[in-house]
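To keep things clear, I will list the structure first and then write my remarks on it.
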Amino acid sequence: MAKTSTASMKRKEHISNFFAYILLIVISVIWLFPFVGLLLQSFRSYITESGGMVEYLIPHQFSLDNYAFMFSGESNFLRWYGNTLTIAAFVSILQTVIILCVSYSLSRMRFKGRTLIMRFWLILGMFPGFLTMICLYFLLKQLGLTQAGAIPGLILVSVASSGMGYYVCKGYMDTIPKSLDEAARIDGASRARVFLTMMIPMCKPIIIYTALTAFMAPWCDYVFASYIAFGHDKSYNVAVGMTRWVWTNDYMGYFTRFCAGGILVAIPVTILFMALQKYYVEGVTGGAVKG
């Protein structure tokens, strides 16, 4: 009876696993289909196959014309790409530094108004950023940080409120025993020395997580970037510039170029996540232990 029961349970487990795998495969195909279509269309020559994109998924003739156009002088793609990379790099570095400092202060120090500040930032973070777009635009315009000066303006806006994103980083620091800080303080180490020589090395996963999330926001930004750089082609990022391509009268031709640009934009982010996935997961799970 025991052997029969065990065999029946194993059979049920195999059946359930079979249907689970089938479901996962179907979900994976649905999820990957747009990306595969984007990749295939990026190799379609809009000169030789004009209009064929709608009728066929797989190009009749693979071509590198779209990628050649990206690196030619006919487009500003390289400039847009450089703008996006500059904004994302500066925001990633500055946001990470600010969030680490704020998180360390709130995790390790006790001062008057600490709880009030945390609650106030939590409530303030519930309001959508779109509510401030008009005010921010006129403020940046007065400072000359719109259109031709849109790049430093976008960096400033992204970095200005970064301290409010301390939640996950502070939760990770709360998991590190405070006895280590106290031992270092007894030995004469200053707060800055404890932070730089002890906390930073132990917070490597959350630092990478914070840097990646900070990098992704401006890298994928469209709404605010188009709002600030409106009408100035040389200040566009890739999202805004490539969107202008599909708004042209030559929609069918520029769509394949849009697909090629999308592939080039996805490459650095994909490499970063594949190389740092381990630390990214550790940062998320570690920061979720305590709030």
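By order of appearance in the structure tokens: chains A, B, ..., then residues from 1 within every chain, and ligands from 1 in the order shown.
For Lys204 in chain A, the set of protein, DNA and RNA residues having any atom at most 9 Å away, when counting only C-alpha atoms and skipping those fewer than 4 positions along the same chain, is Met199, Ile200, Ile208, Tyr209, Tyr279 and Gly283 of chain A.
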(message) as a PyMOL selection string, please: every residue in range 1-240 of chain A that a backbone DSSP assignment puts in helix (DSSP H, G or I).
(response) chain A and resi 2-42+52-55+65-70+77-108+114-124+129-142+147-160+162-165+167-174+178-186+191-202+204-219+223-228+233-235+238-240
(request) Excluding Ser158 in chain A and any residue of its chain fewer than 4 positions from it, enumerate the residues within 10 Å of it, using only C-alpha atoms, and give them as a VMD selection string. (result) chain A and resid 87 to 88 90 to 92 94 to 95 152 to 154 162 214 217 to 218
Got time to write the residues from that selection, N, CA and C atoms, as a PDB file, in the first residue's frame?
```pdb
ATOM      1  N   ILE A  87      23.571  61.142 -19.220  1.00  0.00           N
ATOM      2  CA  ILE A  87      22.565  61.376 -18.172  1.00  0.00           C
ATOM      3  C   ILE A  87      22.474  60.178 -17.236  1.00  0.00           C
ATOM      4  N   ALA A  88      22.394  58.977 -17.811  1.00  0.00           N
ATOM      5  CA  ALA A  88      22.240  57.762 -17.001  1.00  0.00           C
ATOM      6  C   ALA A  88      23.458  57.537 -16.107  1.00  0.00           C
ATOM      7  N   PHE A  90      25.722  59.795 -14.909  1.00  0.00           N
ATOM      8  CA  PHE A  90      25.789  60.781 -13.831  1.00  0.00           C
ATOM      9  C   PHE A  90      24.704  60.537 -12.794  1.00  0.00           C
ATOM     10  N   VAL A  91      23.490  60.242 -13.254  1.00  0.00           N
ATOM     11  CA  VAL A  91      22.391  59.984 -12.319  1.00  0.00           C
ATOM     12  C   VAL A  91      22.676  58.746 -11.488  1.00  0.00           C
ATOM     13  N   SER A  92      23.190  57.703 -12.124  1.00  0.00           N
ATOM     14  CA  SER A  92      23.487  56.464 -11.413  1.00  0.00           C
ATOM     15  C   SER A  92      24.509  56.692 -10.297  1.00  0.00           C
ATOM     16  N   LEU A  94      25.546  59.682  -8.847  1.00  0.00           N
ATOM     17  CA  LEU A  94      25.133  60.662  -7.834  1.00  0.00           C
ATOM     18  C   LEU A  94      23.995  60.122  -6.973  1.00  0.00           C
ATOM     19  N   GLN A  95      23.014  59.454  -7.603  1.00  0.00           N
ATOM     20  CA  GLN A  95      21.912  58.895  -6.815  1.00  0.00           C
ATOM     21  C   GLN A  95      22.410  57.836  -5.843  1.00  0.00           C
ATOM     22  N   PRO A 152      21.998  68.748 -18.514  1.00  0.00           N
ATOM     23  CA  PRO A 152      22.209  69.017 -17.074  1.00  0.00           C
ATOM     24  C   PRO A 152      20.902  69.201 -16.319  1.00  0.00           C
ATOM     25  N   GLY A 153      19.867  69.693 -17.003  1.00  0.00           N
ATOM     26  CA  GLY A 153      18.569  69.850 -16.346  1.00  0.00           C
ATOM     27  C   GLY A 153      17.964  68.513 -15.957  1.00  0.00           C
ATOM     28  N   LEU A 154      18.049  67.532 -16.855  1.00  0.00           N
ATOM     29  CA  LEU A 154      17.523  66.202 -16.554  1.00  0.00           C
ATOM     30  C   LEU A 154      18.330  65.523 -15.453  1.00  0.00           C
ATOM     31  N   SER A 162      16.577  62.132  -5.006  1.00  0.00           N
ATOM     32  CA  SER A 162      17.019  60.734  -4.909  1.00  0.00           C
ATOM     33  C   SER A 162      17.090  60.235  -3.469  1.00  0.00           C
ATOM     34  N   ALA A 214      18.989  53.162 -10.597  1.00  0.00           N
ATOM     35  CA  ALA A 214      19.190  54.576 -10.908  1.00  0.00           C
ATOM     36  C   ALA A 214      19.581  54.772 -12.366  1.00  0.00           C
ATOM     37  N   ALA A 217      16.308  54.339 -14.912  1.00  0.00           N
ATOM     38  CA  ALA A 217      15.268  55.374 -14.991  1.00  0.00           C
ATOM     39  C   ALA A 217      15.532  56.388 -16.106  1.00  0.00           C
ATOM     40  N   PRO A 218      16.690  57.055 -16.144  1.00  0.00           N
ATOM     41  CA  PRO A 218      16.937  57.991 -17.262  1.00  0.00           C
ATOM     42  C   PRO A 218      17.183  57.294 -18.593  1.00  0.00           C
TER      43      PRO A 218
END
```
(request) Kindly give the distance, in Å, that separates CA of Val194 in chain A and CA of Tyr166 in chain A, rounded to a single decimal. (result) 19.0 Å
(request) Excluding Ala148 in chain A and residues on its chain fewer than 5 positions from it, collect all residues at most 10 Å away from it, counting only C-alpha atoms, and give them as a PyMOL selection string. (result) chain A and resi 153+228-236
(request) Identify which of the residues A:Cys203, A:Met242, A:Ile186, A:Met173 lies closest to Phe258 in chain A, counting only C-alpha atoms when measuring atom-to-atom distances. (result)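 When distances to Phe258 in chain A are compared using only C-alpha atoms, the smallest one comes from A:Met242.
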(request) Name all residues at most 12 Å from Leu78 in chain A (count only C-alpha atoms; drop same-chain ones fewer than 2 positions away) and give them as a VMD selection string. (result) chain A and resid 67 to 76 80 to 85 234 to 238 241 to 242 261 264 to 265
Output the selection as a PDB file, in the first residue's frame - N, CA and C atoms for each residue.
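In the end it all went to part_23.pdb:
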```
ATOM      1  N   TYR A  67      21.467  49.401 -39.403  1.00  0.00           N
ATOM      2  CA  TYR A  67      22.561  49.628 -38.459  1.00  0.00           C
ATOM      3  C   TYR A  67      23.603  50.580 -39.050  1.00  0.00           C
ATOM      4  N   ALA A  68      23.827  50.484 -40.366  1.00  0.00           N
ATOM      5  CA  ALA A  68      24.746  51.416 -41.017  1.00  0.00           C
ATOM      6  C   ALA A  68      24.218  52.840 -40.927  1.00  0.00           C
ATOM      7  N   PHE A  69      22.896  52.981 -41.037  1.00  0.00           N
ATOM      8  CA  PHE A  69      22.291  54.312 -40.932  1.00  0.00           C
ATOM      9  C   PHE A  69      22.516  54.919 -39.547  1.00  0.00           C
ATOM     10  N   MET A  70      22.496  54.080 -38.516  1.00  0.00           N
ATOM     11  CA  MET A  70      22.694  54.575 -37.155  1.00  0.00           C
ATOM     12  C   MET A  70      24.061  55.234 -36.978  1.00  0.00           C
ATOM     13  N   PHE A  71      25.064  54.670 -37.612  1.00  0.00           N
ATOM     14  CA  PHE A  71      26.432  55.157 -37.421  1.00  0.00           C
ATOM     15  C   PHE A  71      26.888  56.094 -38.538  1.00  0.00           C
ATOM     16  N   SER A  72      25.978  56.448 -39.420  1.00  0.00           N
ATOM     17  CA  SER A  72      26.315  57.375 -40.498  1.00  0.00           C
ATOM     18  C   SER A  72      26.016  58.803 -40.063  1.00  0.00           C
ATOM     19  N   GLY A  73      26.411  59.741 -40.884  1.00  0.00           N
ATOM     20  CA  GLY A  73      26.154  61.144 -40.572  1.00  0.00           C
ATOM     21  C   GLY A  73      24.748  61.581 -40.894  1.00  0.00           C
ATOM     22  N   GLU A  74      23.920  60.673 -41.414  1.00  0.00           N
ATOM     23  CA  GLU A  74      22.545  61.024 -41.783  1.00  0.00           C
ATOM     24  C   GLU A  74      21.638  61.181 -40.569  1.00  0.00           C
ATOM     25  N   SER A  75      22.011  60.610 -39.458  1.00  0.00           N
ATOM     26  CA  SER A  75      21.160  60.671 -38.269  1.00  0.00           C
ATOM     27  C   SER A  75      21.955  61.193 -37.078  1.00  0.00           C
ATOM     28  N   ASN A  76      21.220  61.608 -36.057  1.00  0.00           N
ATOM     29  CA  ASN A  76      21.834  62.067 -34.801  1.00  0.00           C
ATOM     30  C   ASN A  76      21.803  60.973 -33.740  1.00  0.00           C
ATOM     31  N   TRP A  80      22.310  61.211 -29.673  1.00  0.00           N
ATOM     32  CA  TRP A  80      21.251  60.852 -28.726  1.00  0.00           C
ATOM     33  C   TRP A  80      21.719  59.763 -27.769  1.00  0.00           C
ATOM     34  N   TYR A  81      22.424  58.808 -28.326  1.00  0.00           N
ATOM     35  CA  TYR A  81      22.944  57.710 -27.505  1.00  0.00           C
ATOM     36  C   TYR A  81      23.922  58.250 -26.461  1.00  0.00           C
ATOM     37  N   GLY A  82      24.797  59.161 -26.871  1.00  0.00           N
ATOM     38  CA  GLY A  82      25.746  59.774 -25.943  1.00  0.00           C
ATOM     39  C   GLY A  82      25.038  60.596 -24.881  1.00  0.00           C
ATOM     40  N   ASN A  83      23.990  61.333 -25.278  1.00  0.00           N
ATOM     41  CA  ASN A  83      23.215  62.101 -24.296  1.00  0.00           C
ATOM     42  C   ASN A  83      22.602  61.185 -23.247  1.00  0.00           C
ATOM     43  N   THR A  84      22.006  60.093 -23.709  1.00  0.00           N
ATOM     44  CA  THR A  84      21.365  59.152 -22.791  1.00  0.00           C
ATOM     45  C   THR A  84      22.384  58.514 -21.856  1.00  0.00           C
ATOM     46  N   LEU A  85      23.515  58.111 -22.407  1.00  0.00           N
ATOM     47  CA  LEU A  85      24.560  57.489 -21.594  1.00  0.00           C
ATOM     48  C   LEU A  85      25.127  58.465 -20.571  1.00  0.00           C
ATOM     49  N   LYS A 234      19.303  68.186 -30.813  1.00  0.00           N
ATOM     50  CA  LYS A 234      20.593  67.746 -30.297  1.00  0.00           C
ATOM     51  C   LYS A 234      20.569  67.418 -28.798  1.00  0.00           C
ATOM     52  N   SER A 235      19.487  67.764 -28.116  1.00  0.00           N
ATOM     53  CA  SER A 235      19.367  67.463 -26.681  1.00  0.00           C
ATOM     54  C   SER A 235      18.482  66.254 -26.407  1.00  0.00           C
ATOM     55  N   TYR A 236      17.974  65.608 -27.459  1.00  0.00           N
ATOM     56  CA  TYR A 236      17.117  64.443 -27.275  1.00  0.00           C
ATOM     57  C   TYR A 236      17.927  63.267 -26.721  1.00  0.00           C
ATOM     58  N   ASN A 237      17.246  62.406 -25.972  1.00  0.00           N
ATOM     59  CA  ASN A 237      17.818  61.098 -25.679  1.00  0.00           C
ATOM     60  C   ASN A 237      17.303  60.109 -26.723  1.00  0.00           C
ATOM     61  N   VAL A 238      17.716  58.858 -26.637  1.00  0.00           N
ATOM     62  CA  VAL A 238      17.354  57.910 -27.693  1.00  0.00           C
ATOM     63  C   VAL A 238      15.846  57.663 -27.743  1.00  0.00           C
ATOM     64  N   GLY A 241      14.303  60.811 -29.511  1.00  0.00           N
ATOM     65  CA  GLY A 241      14.741  60.916 -30.891  1.00  0.00           C
ATOM     66  C   GLY A 241      14.168  59.824 -31.775  1.00  0.00           C
ATOM     67  N   MET A 242      14.179  58.588 -31.286  1.00  0.00           N
ATOM     68  CA  MET A 242      13.674  57.481 -32.095  1.00  0.00           C
ATOM     69  C   MET A 242      12.154  57.545 -32.253  1.00  0.00           C
ATOM     70  N   GLY A 261      17.596  50.644 -33.705  1.00  0.00           N
ATOM     71  CA  GLY A 261      17.974  51.480 -32.572  1.00  0.00           C
ATOM     72  C   GLY A 261      17.573  50.864 -31.247  1.00  0.00           C
ATOM     73  N   LEU A 264      20.157  48.287 -30.262  1.00  0.00           N
ATOM     74  CA  LEU A 264      21.387  48.907 -29.774  1.00  0.00           C
ATOM     75  C   LEU A 264      21.203  49.496 -28.374  1.00  0.00           C
ATOM     76  N   VAL A 265      20.022  50.003 -28.094  1.00  0.00           N
ATOM     77  CA  VAL A 265      19.743  50.554 -26.764  1.00  0.00           C
ATOM     78  C   VAL A 265      19.658  49.442 -25.718  1.00  0.00           C
TER      79      VAL A 265
END
```
(message) When you count only C-alpha atoms, which of these residues is closest to Trp121 in chain A: A:Tyr137, A:Tyr167, A:Phe43, A:Phe215?
(response)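 Among the listed residues, A:Tyr167 lies closest to Trp121 in chain A.
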(message) Between CA of Tyr227 in chain A and CA of Thr256 in chain A, what distance in Å does the model show, to one decimal?
(response)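 Interatomic distance, CA of Tyr227 in chain A to CA of Thr256 in chain A: 25.5 Å.
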(request) Excluding Ala184 in chain A and any residue of its chain fewer than 5 positions from it, enumerate the residues within 10 Å of it, using only C-alpha atoms, and give them as a list in words. (result) Ser179, Ala189, Ser190, Arg191, Arg193, Val194 and Met198 of chain A
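CA of Thr197 in chain A sits 17.3 Å away from CA of Met109 in chain A.
Ranking A:Ser45, A:Met216, A:Lys170, A:Lys141 by their shortest atom-to-atom distance to Pro268 in chain A, with only C-alpha atoms included, puts A:Met216 first.
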(message) Just checking: using only C-alpha atoms, which residue out of A:Phe224, A:Tyr104, A:Phe62, A:Phe33 ends up closest to Leu196 in chain A?
(response)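 Among the listed residues, the smallest separation from Leu196 in chain A belongs to A:Tyr104.
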